[in-house]
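> Shown below is the structure under consideration.
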Amino acid sequence: MAKILSIEVGYALTRICEMDYRSKNPKVYKYFNVPTPQGAMSDGFLADNEDFVAVIKDALAEHKVKTKQVVFSITSSKIATREVMVPMVKPNQMDAMVKANASDYFPIDLTEYELAHLILGVEKGEDKADRYKVLVMAAGKSLIAGYERFAAQLGLRLAALDYAGSSVYQLMKAECGEDTEMIIKIEERSTNALVISGQNLVLQRNIVYGIDEAVQVLGHGSEHGEVGYREVLDLLKRKTCIKVALSPETRIIEADDEMDESERIAEAKRRLTESLAPFVGNVARVVDLYNSKNMDNPIKRVRIVGLGGDISGLSKLFTNELGIKTTVMSGLENMDLSRADGEGSPGLYVACFGAAIAPVGFINEEKKKQDAQEMNYRNVAVLSGIFFVVAAAALCVLSITRYSEAKEEETRLARLEAEYGPAENVYNTYNQIQNVYREVENGHKLTEGPNDNLIAFLEELERKLPASAQLTEFSSNSEQAVLTMKVDDKEQAAKIIQTLRGFESVLDVSIGAVDKEDAEAAAEEAEETGEPKVIFSIVCTYYPIVIEEVQQPQQTVQPAADDLSTLE
């Protein structure tokens with residue numbers, strides 16, 4: 001099985017391990033650490049530093065490491081993350097789906113970023129179809145370029161880059177089992193808090209606090225003057241320099257072992273513990289956030305990994321402040337460390353171990369293979385050029401250049417086709433569903449008619465006509481309604497016509513013809529009763545219904561290979 005070097009660069013400490021690559025039960029061969037020179041790393045970004053390169057090379061030579069592949073685990077606030085819901089597509093289509101919708105996840109110029117994703121689990125829906133819960137990550141190309149240069153300076157081949165949160169999850173999901181646990185990876189200036197339940201990552205938060213503030217307080221407050229960063233870390237590891245609670249009001253679950261101490265030592269511990277208050281408070285808020293939303297499945301255990309695991313007394317402080325049993329990760333059940341040559345606690349190297357198991361990428365595997373193939377072509381061309389005569393050298397160089405350009409163009413088009421092919425299938429399916437929806441919607445509109453609001457017209461007629469008016473006849477078709485009415489006089493008839501013209505349910509009102517027999521009947525009635533009667537006919541025209549023309553279904557177009565360049 002292939003070996004790989006897994007490296008995590010910290011502000012003060014760089015961790016290196018040699019182990020099996022992409023194995024479910026990996027074997028660890030060596031793990032050790034070296035100091036990181038000041039200024040070599042800032043928020044995940046690597047600066048060109050010859051001293052740092054020399055330190056790593058010397059350490060690899062000292063431990064007799066000959067592996068040439070490397071993967072880096074990165075912690076940086078510049079790596080943007082989003083948890084999104086994605087339809088249940090095939091795993092080989094997930095990358096295309098994520099890239100096709102990336103602009104919806106990140107409102108940034110994505111041409112300057114490389115994307116990666118991690119499937120967190122399946123979200124079961126009662127009303128909707130099941131969907132994947134996916135963590136999408138975007139890392140700046142400038143960040144990635146620093147690690148590519150660093151690998152090249154070390155004489156190593158960069159296999160992958162991993163996000164530290166994903167690295168920890170890949171290793172710790174098996175360690176947590178089915179319980180709900182919080183894993184706190186504490187480093188110098190940042191902390192990654194993960195809640196894992198049933199081997200699924202259900203919550204992840206990055207905290208911009210670590211142990212750096214405490215190290216600075218202790219280093220500047222030493223009675224021997226300022227002490228180096230690494231020396232302070234060694235002191236915090238050997239001796240408990242912090243209290244078990246931030247305030248006297250905290251309920252003590254685990255008490256302090258050292259009860260007899262001088263006032264000067266007690267004051268120094270108090271100042272050091274106070275410097276950790278913002279850090280502990282932010283972790284407590286993450287715990288409260290999860291427990292408030294999952295009261296039936298709260299966090300049962302907290303484990304500390306990373307550099308913070310070496311700080312004596314820190315687990316007791318978290319136990320008392322969080323009210324949850326907190327321990328330091330000292331051993332790993334699912335890693336073969338039996339014959340490993342190691343320095344320090346395995347919990348310090350959790351991100352290194354996890355990055356080698358299943359890195360999220362950020363570097364396209366196909367691109368790496370194609371770059372290696374193109375390098376081989378160039379090498380063959382150089383070797384073959386040695387055998388040409390001097391007179392044909394210019395022609396040879398021209399031919400090689402044209403061939404390389406054609407090969408690069410062919411490779412680029414093949415990569416685009418492989419990258420966007422699955423997204424095209426998803427887009428075509430979407431268009432087909434849209435066409436069906438338009439046909440159903442237009443079919444429904446064809447069933448509508450102008451007299452659909454007949455009931456509304458009758459109700460309005462009942463409300464607004466005077467009680468003395470008599471409606472003797474009523475008829476309606478798809479365009480208009482004809483009313484024959486009998487009133488006492490012409491003035492009342494005029495008012496009724498004016499009222500009808502103010503109806504919201506009709507477009508136009510006009511006077512219609514009166515049947516001769518009706519007019520004669522009205523005259524006879526007036527002679528018998530002595531009261532004059534007026535009979536008139538009204539034509540009410542409904543508002544027309546505008547039916548849009550049914551659009552033809554959209555045809556799915558397969559782009560030609562020459563058009564793939566427009567997808568860039």
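Labels for the structure tokens follow display order: chains A, B, ..., residues from 1 in each chain, ligands from 1.
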If we count only C-alpha atoms and set the cut-off at 10 Å, which residues sit around range 30-36 of chain A, ignoring sequence neighbours fewer than 3 positions away in its own chain? Please answer as JSON, numbers by chain.
{"A": [5, 6, 7, 8, 9, 10, 11, 12, 13, 14, 15, 16, 17, 18, 19, 27, 39, 40, 41, 51, 52, 55, 56, 58, 59, 60, 63, 64, 65, 229, 230, 337, 339, 340, 341, 342, 343, 344, 345, 346, 348, 349, 352, 353]}
> Output N, CA and C atoms for every residue in that selection, as a CSV table (one decimal), in the first residue's frame.

```csv
chain,number,residue,atom,x,y,z
A,5,LEU,N,3.3,11.3,3.2
A,5,LEU,CA,3.6,12.2,4.3
A,5,LEU,C,2.4,13.1,4.5
A,6,SER,N,2.0,13.3,5.8
A,6,SER,CA,0.9,14.2,6.1
A,6,SER,C,1.4,15.2,7.0
A,7,ILE,N,1.3,16.5,6.7
A,7,ILE,CA,1.9,17.6,7.4
A,7,ILE,C,0.8,18.6,7.8
A,8,GLU,N,0.9,19.1,9.0
A,8,GLU,CA,0.1,20.2,9.5
A,8,GLU,C,1.0,21.3,10.0
A,9,VAL,N,1.0,22.5,9.4
A,9,VAL,CA,1.8,23.6,9.8
A,9,VAL,C,1.1,24.5,10.7
A,10,GLY,N,1.6,24.6,11.9
A,10,GLY,CA,1.0,25.5,12.9
A,10,GLY,C,1.9,26.8,13.1
A,11,TYR,N,1.4,27.7,13.9
A,11,TYR,CA,2.2,28.9,14.2
A,11,TYR,C,3.5,28.6,14.9
A,12,ALA,N,3.5,27.7,15.9
A,12,ALA,CA,4.7,27.4,16.6
A,12,ALA,C,5.2,26.0,16.4
A,13,LEU,N,4.3,25.1,15.9
A,13,LEU,CA,4.7,23.7,15.8
A,13,LEU,C,4.2,23.1,14.5
A,14,THR,N,5.0,22.4,13.8
A,14,THR,CA,4.7,21.7,12.6
A,14,THR,C,4.7,20.2,12.8
A,15,ARG,N,3.6,19.5,12.5
A,15,ARG,CA,3.5,18.1,12.8
A,15,ARG,C,3.6,17.3,11.5
A,16,ILE,N,4.4,16.2,11.5
A,16,ILE,CA,4.6,15.4,10.3
A,16,ILE,C,4.4,14.0,10.7
A,17,CYS,N,3.7,13.2,9.8
A,17,CYS,CA,3.6,11.8,10.0
A,17,CYS,C,3.7,11.1,8.7
A,18,GLU,N,4.2,9.8,8.8
A,18,GLU,CA,4.3,9.0,7.6
A,18,GLU,C,3.4,7.8,7.8
A,19,MET,N,2.5,7.5,6.9
A,19,MET,CA,1.4,6.5,7.1
A,19,MET,C,0.9,6.0,5.8
A,27,LYS,N,-2.0,2.2,8.8
A,27,LYS,CA,-0.9,2.0,9.7
A,27,LYS,C,0.0,3.2,9.7
A,39,GLY,N,6.9,33.8,11.6
A,39,GLY,CA,6.6,34.4,10.3
A,39,GLY,C,6.4,33.5,9.1
A,40,ALA,N,6.7,32.2,9.3
A,40,ALA,CA,6.6,31.3,8.2
A,40,ALA,C,5.2,31.0,7.8
A,41,MET,N,4.2,31.1,8.8
A,41,MET,CA,2.8,30.9,8.5
A,41,MET,C,1.9,31.9,9.1
A,51,ASP,N,14.7,28.9,5.8
A,51,ASP,CA,15.1,28.3,7.1
A,51,ASP,C,14.0,27.2,7.4
A,52,PHE,N,12.8,27.4,7.1
A,52,PHE,CA,11.7,26.5,7.3
A,52,PHE,C,11.9,25.2,6.4
A,55,VAL,N,14.7,23.2,7.9
A,55,VAL,CA,14.3,22.5,9.1
A,55,VAL,C,13.5,21.2,8.8
A,56,ILE,N,12.6,21.3,7.8
A,56,ILE,CA,11.8,20.1,7.4
A,56,ILE,C,12.7,19.1,6.8
A,58,ASP,N,15.9,18.6,7.2
A,58,ASP,CA,16.7,18.0,8.2
A,58,ASP,C,16.0,16.9,9.0
A,59,ALA,N,14.7,17.3,9.3
A,59,ALA,CA,13.9,16.4,10.2
A,59,ALA,C,13.6,15.1,9.4
A,60,LEU,N,13.3,15.2,8.1
A,60,LEU,CA,13.0,14.0,7.3
A,60,LEU,C,14.2,13.2,7.2
A,63,HIS,N,14.9,11.3,10.5
A,63,HIS,CA,14.0,10.2,10.8
A,63,HIS,C,14.0,9.2,9.6
A,64,LYS,N,14.9,9.4,8.7
A,64,LYS,CA,15.0,8.4,7.6
A,64,LYS,C,13.7,8.2,6.8
A,65,VAL,N,13.1,9.3,6.5
A,65,VAL,CA,11.8,9.3,5.7
A,65,VAL,C,12.2,9.5,4.3
A,229,TYR,N,8.4,30.8,23.0
A,229,TYR,CA,7.1,30.2,22.8
A,229,TYR,C,7.1,28.7,23.1
A,230,ARG,N,8.1,28.0,22.5
A,230,ARG,CA,8.2,26.5,22.8
A,230,ARG,C,8.5,26.2,24.2
A,337,LEU,N,-0.9,2.0,15.6
A,337,LEU,CA,0.2,2.7,16.1
A,337,LEU,C,1.2,1.8,16.8
A,339,ARG,N,3.6,-0.2,16.1
A,339,ARG,CA,5.1,-0.2,15.8
A,339,ARG,C,5.5,1.1,15.3
A,340,ALA,N,4.8,2.2,15.6
A,340,ALA,CA,5.1,3.5,15.1
A,340,ALA,C,6.2,4.1,15.9
A,341,ASP,N,7.1,4.9,15.3
A,341,ASP,CA,8.1,5.6,15.9
A,341,ASP,C,7.6,7.1,16.1
A,342,GLY,N,7.2,7.4,17.3
A,342,GLY,CA,6.5,8.6,17.5
A,342,GLY,C,7.0,9.5,18.6
A,343,GLU,N,6.7,10.8,18.5
A,343,GLU,CA,7.1,11.8,19.5
A,343,GLU,C,5.8,12.5,20.0
A,344,GLY,N,5.6,12.4,21.3
A,344,GLY,CA,4.4,13.1,21.9
A,344,GLY,C,3.2,12.2,21.8
A,345,SER,N,2.0,12.8,22.2
A,345,SER,CA,0.7,12.2,22.2
A,345,SER,C,0.2,12.1,20.8
A,346,PRO,N,-0.5,10.9,20.5
A,346,PRO,CA,-1.1,10.8,19.2
A,346,PRO,C,-2.2,11.8,19.0
A,348,LEU,N,-2.1,14.9,19.4
A,348,LEU,CA,-1.5,16.1,18.8
A,348,LEU,C,-1.5,16.0,17.2
A,349,TYR,N,-1.6,14.7,16.7
A,349,TYR,CA,-1.5,14.5,15.2
A,349,TYR,C,-2.8,14.1,14.6
A,352,CYS,N,-3.3,15.4,11.0
A,352,CYS,CA,-2.4,14.7,10.1
A,352,CYS,C,-2.9,13.3,9.7
A,353,PHE,N,-3.3,12.6,10.8
A,353,PHE,CA,-3.8,11.2,10.5
A,353,PHE,C,-5.1,11.3,9.6
```
> Contacts of Val232 in chain A at 9 Å or less, counting only C-alpha atoms, minus same-chain residues fewer than 2 places along, as a PyMOL selection string?
chain A and resi 215-216+218-219+227-230+234-237
> If you run DSSP on the backbone here, which positions in range 106-144 of chain A get strand (DSSP E or B)? Please write them as JSON, numbers by chain.
{"A": [113, 114, 115, 116, 117, 118, 119, 120, 121, 122, 123, 131, 132, 133, 134, 135, 136, 137, 138, 139, 140]}
> Could you write out the selected residues, including N, CA and C atoms, as a PDB file, in the first residue's frame?

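What landed in selection26.pdb:
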```
ATOM      1  N   TYR A 113     -10.860  30.781  -6.774  1.00  0.00           N
ATOM      2  CA  TYR A 113     -10.980  29.783  -5.704  1.00  0.00           C
ATOM      3  C   TYR A 113     -11.041  28.374  -6.279  1.00  0.00           C
ATOM      4  N   GLU A 114     -10.585  27.415  -5.482  1.00  0.00           N
ATOM      5  CA  GLU A 114     -10.768  25.996  -5.769  1.00  0.00           C
ATOM      6  C   GLU A 114     -11.814  25.453  -4.800  1.00  0.00           C
ATOM      7  N   LEU A 115     -12.711  24.614  -5.321  1.00  0.00           N
ATOM      8  CA  LEU A 115     -13.812  24.094  -4.507  1.00  0.00           C
ATOM      9  C   LEU A 115     -13.565  22.642  -4.128  1.00  0.00           C
ATOM     10  N   ALA A 116     -14.114  22.264  -2.993  1.00  0.00           N
ATOM     11  CA  ALA A 116     -14.109  20.872  -2.552  1.00  0.00           C
ATOM     12  C   ALA A 116     -15.378  20.648  -1.745  1.00  0.00           C
ATOM     13  N   HIS A 117     -15.755  19.408  -1.561  1.00  0.00           N
ATOM     14  CA  HIS A 117     -16.981  19.121  -0.808  1.00  0.00           C
ATOM     15  C   HIS A 117     -16.806  17.865   0.038  1.00  0.00           C
ATOM     16  N   LEU A 118     -17.648  17.781   1.071  1.00  0.00           N
ATOM     17  CA  LEU A 118     -17.659  16.627   1.964  1.00  0.00           C
ATOM     18  C   LEU A 118     -19.105  16.287   2.268  1.00  0.00           C
ATOM     19  N   ILE A 119     -19.522  15.056   1.955  1.00  0.00           N
ATOM     20  CA  ILE A 119     -20.888  14.621   2.238  1.00  0.00           C
ATOM     21  C   ILE A 119     -20.988  14.294   3.725  1.00  0.00           C
ATOM     22  N   LEU A 120     -21.875  15.026   4.434  1.00  0.00           N
ATOM     23  CA  LEU A 120     -22.013  14.854   5.877  1.00  0.00           C
ATOM     24  C   LEU A 120     -23.049  13.798   6.250  1.00  0.00           C
ATOM     25  N   GLY A 121     -24.025  13.558   5.378  1.00  0.00           N
ATOM     26  CA  GLY A 121     -25.067  12.586   5.681  1.00  0.00           C
ATOM     27  C   GLY A 121     -26.255  12.790   4.778  1.00  0.00           C
ATOM     28  N   VAL A 122     -27.341  12.067   5.074  1.00  0.00           N
ATOM     29  CA  VAL A 122     -28.578  12.136   4.290  1.00  0.00           C
ATOM     30  C   VAL A 122     -29.668  12.741   5.155  1.00  0.00           C
ATOM     31  N   GLU A 123     -30.332  13.769   4.638  1.00  0.00           N
ATOM     32  CA  GLU A 123     -31.439  14.425   5.326  1.00  0.00           C
ATOM     33  C   GLU A 123     -32.749  13.789   4.870  1.00  0.00           C
ATOM     34  N   ARG A 131     -32.390  14.156   0.687  1.00  0.00           N
ATOM     35  CA  ARG A 131     -31.320  14.981   0.112  1.00  0.00           C
ATOM     36  C   ARG A 131     -30.031  14.771   0.898  1.00  0.00           C
ATOM     37  N   TYR A 132     -28.905  15.051   0.211  1.00  0.00           N
ATOM     38  CA  TYR A 132     -27.609  14.986   0.867  1.00  0.00           C
ATOM     39  C   TYR A 132     -27.353  16.293   1.620  1.00  0.00           C
ATOM     40  N   LYS A 133     -26.782  16.166   2.819  1.00  0.00           N
ATOM     41  CA  LYS A 133     -26.257  17.323   3.534  1.00  0.00           C
ATOM     42  C   LYS A 133     -24.769  17.384   3.222  1.00  0.00           C
ATOM     43  N   VAL A 134     -24.330  18.476   2.588  1.00  0.00           N
ATOM     44  CA  VAL A 134     -22.970  18.565   2.051  1.00  0.00           C
ATOM     45  C   VAL A 134     -22.285  19.808   2.597  1.00  0.00           C
ATOM     46  N   LEU A 135     -21.039  19.630   3.010  1.00  0.00           N
ATOM     47  CA  LEU A 135     -20.195  20.758   3.398  1.00  0.00           C
ATOM     48  C   LEU A 135     -19.363  21.159   2.182  1.00  0.00           C
ATOM     49  N   VAL A 136     -19.603  22.370   1.665  1.00  0.00           N
ATOM     50  CA  VAL A 136     -18.881  22.882   0.495  1.00  0.00           C
ATOM     51  C   VAL A 136     -17.823  23.862   0.983  1.00  0.00           C
ATOM     52  N   MET A 137     -16.613  23.713   0.472  1.00  0.00           N
ATOM     53  CA  MET A 137     -15.479  24.547   0.902  1.00  0.00           C
ATOM     54  C   MET A 137     -14.864  25.249  -0.300  1.00  0.00           C
ATOM     55  N   ALA A 138     -14.434  26.480  -0.092  1.00  0.00           N
ATOM     56  CA  ALA A 138     -13.768  27.260  -1.140  1.00  0.00           C
ATOM     57  C   ALA A 138     -12.462  27.810  -0.587  1.00  0.00           C
ATOM     58  N   ALA A 139     -11.362  27.416  -1.203  1.00  0.00           N
ATOM     59  CA  ALA A 139     -10.027  27.881  -0.782  1.00  0.00           C
ATOM     60  C   ALA A 139      -9.422  28.722  -1.894  1.00  0.00           C
ATOM     61  N   GLY A 140      -8.862  29.857  -1.524  1.00  0.00           N
ATOM     62  CA  GLY A 140      -8.253  30.745  -2.510  1.00  0.00           C
ATOM     63  C   GLY A 140      -7.062  30.098  -3.206  1.00  0.00           C
TER      64      GLY A 140
END
```
> May I have the residues within 10 Å of Glu504 in chain A as a list in words, using only C-alpha atoms and disregarding those fewer than 6 positions away in the same chain?
Ala456, Phe457, Glu460, Tyr542 and Tyr543 of chain A
> Using only C-alpha atoms, which of the listed residues (A:Ile196, A:Ala284, A:Ala467, A:Val482) sits closest to Asp179 in chain A?
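Result for the nearest residue to Asp179 in chain A: A:Ile196.
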> Nearest to Val70 in chain A among A:Leu332, A:Ile455, A:Val84, A:Ala355, with distances taken over only C-alpha atoms: which residue is it?
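Among A:Leu332, A:Ile455, A:Val84, A:Ala355, it is A:Ala355 that comes nearest to Val70 in chain A.
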> Hey, what's within 8 Å of range 418-423 of chain A if we count only C-alpha atoms and toss same-chain stuff fewer than 5 positions away? As a list in words, please?
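These residues fall inside the cut-off: Gln93, Ala96, Met97 and Ala100 of chain A.
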> Taking the backbone alone, and naming residues the way the document does, which bits of range 188-262 of chain A are helix (DSSP H, G or I) by DSSP, as a PyMOL selection string?
chain A and resi 212-220+229-238
> Take the residues from that selection and write them out as a compact mmCIF listing (two decimals), in the first residue's frame, keeping N, CA and C atoms.

```txt
# COMPACT_ATOMS: atom_id res chain seq x y z
N ASP A 212 -2.93 30.87 22.43
CA ASP A 212 -1.87 31.85 22.20
C ASP A 212 -1.87 32.94 23.27
N GLU A 213 -3.07 33.41 23.66
CA GLU A 213 -3.15 34.47 24.65
C GLU A 213 -2.56 34.01 25.98
N ALA A 214 -2.87 32.77 26.37
CA ALA A 214 -2.33 32.24 27.63
C ALA A 214 -0.81 32.10 27.55
N VAL A 215 -0.31 31.66 26.40
CA VAL A 215 1.14 31.53 26.23
C VAL A 215 1.82 32.89 26.35
N GLN A 216 1.22 33.91 25.74
CA GLN A 216 1.79 35.26 25.80
C GLN A 216 1.80 35.78 27.23
N VAL A 217 0.70 35.56 27.98
CA VAL A 217 0.62 36.03 29.37
C VAL A 217 1.69 35.36 30.22
N LEU A 218 1.83 34.06 30.08
CA LEU A 218 2.81 33.33 30.88
C LEU A 218 4.23 33.68 30.46
N GLY A 219 4.48 33.83 29.16
CA GLY A 219 5.82 34.16 28.69
C GLY A 219 6.29 35.52 29.14
N HIS A 220 5.39 36.52 29.12
CA HIS A 220 5.77 37.87 29.52
C HIS A 220 5.79 38.03 31.03
N TYR A 229 8.38 30.78 22.96
CA TYR A 229 7.07 30.16 22.80
C TYR A 229 7.12 28.67 23.12
N ARG A 230 8.09 27.97 22.55
CA ARG A 230 8.16 26.52 22.76
C ARG A 230 8.46 26.18 24.22
N GLU A 231 9.28 27.01 24.89
CA GLU A 231 9.58 26.77 26.30
C GLU A 231 8.34 26.94 27.16
N VAL A 232 7.49 27.94 26.81
CA VAL A 232 6.23 28.13 27.56
C VAL A 232 5.31 26.93 27.36
N LEU A 233 5.23 26.42 26.13
CA LEU A 233 4.39 25.24 25.88
C LEU A 233 4.88 24.05 26.70
N ASP A 234 6.18 23.88 26.78
CA ASP A 234 6.73 22.78 27.58
C ASP A 234 6.38 22.96 29.06
N LEU A 235 6.41 24.21 29.54
CA LEU A 235 6.06 24.49 30.93
C LEU A 235 4.58 24.19 31.18
N LEU A 236 3.71 24.61 30.28
CA LEU A 236 2.26 24.35 30.43
C LEU A 236 1.96 22.86 30.37
N LYS A 237 2.80 22.12 29.68
CA LYS A 237 2.61 20.68 29.60
C LYS A 237 3.06 19.98 30.88
N ARG A 238 4.17 20.44 31.45
CA ARG A 238 4.72 19.79 32.64
C ARG A 238 3.96 20.15 33.91
```
> Between A:Ala356, A:Ala245, A:Ile207, A:Ala255, which is the closest to Val28 in chain A once you count only C-alpha atoms?
A:Ala356
> Skipping near chain neighbours, those fewer than 6 positions away, what residues fall within 9 Å of range 290-293 of chain A using only C-alpha atoms, listed as a PyMOL selection string?
chain A and resi 195+202-203+299
> Keeping only N, CA and C atoms, write those residues as an mmCIF file, in the first residue's frame.

```
data_model
loop_
_atom_site.group_PDB
_atom_site.id
_atom_site.type_symbol
_atom_site.label_atom_id
_atom_site.label_comp_id
_atom_site.auth_asym_id
_atom_site.auth_seq_id
_atom_site.Cartn_x
_atom_site.Cartn_y
_atom_site.Cartn_z
ATOM 1 N N VAL A 195 -19.294 18.657 16.408
ATOM 2 C CA VAL A 195 -20.222 17.776 17.115
ATOM 3 C C VAL A 195 -20.522 16.603 16.196
ATOM 4 N N VAL A 202 -22.713 16.838 12.635
ATOM 5 C CA VAL A 202 -23.975 17.582 12.700
ATOM 6 C C VAL A 202 -23.765 19.066 12.965
ATOM 7 N N LEU A 203 -22.592 19.459 13.455
ATOM 8 C CA LEU A 203 -22.321 20.879 13.699
ATOM 9 C C LEU A 203 -20.819 21.102 13.677
ATOM 10 N N ILE A 299 -24.993 16.686 23.992
ATOM 11 C CA ILE A 299 -23.586 16.271 23.983
ATOM 12 C C ILE A 299 -23.282 15.563 25.300
#
```
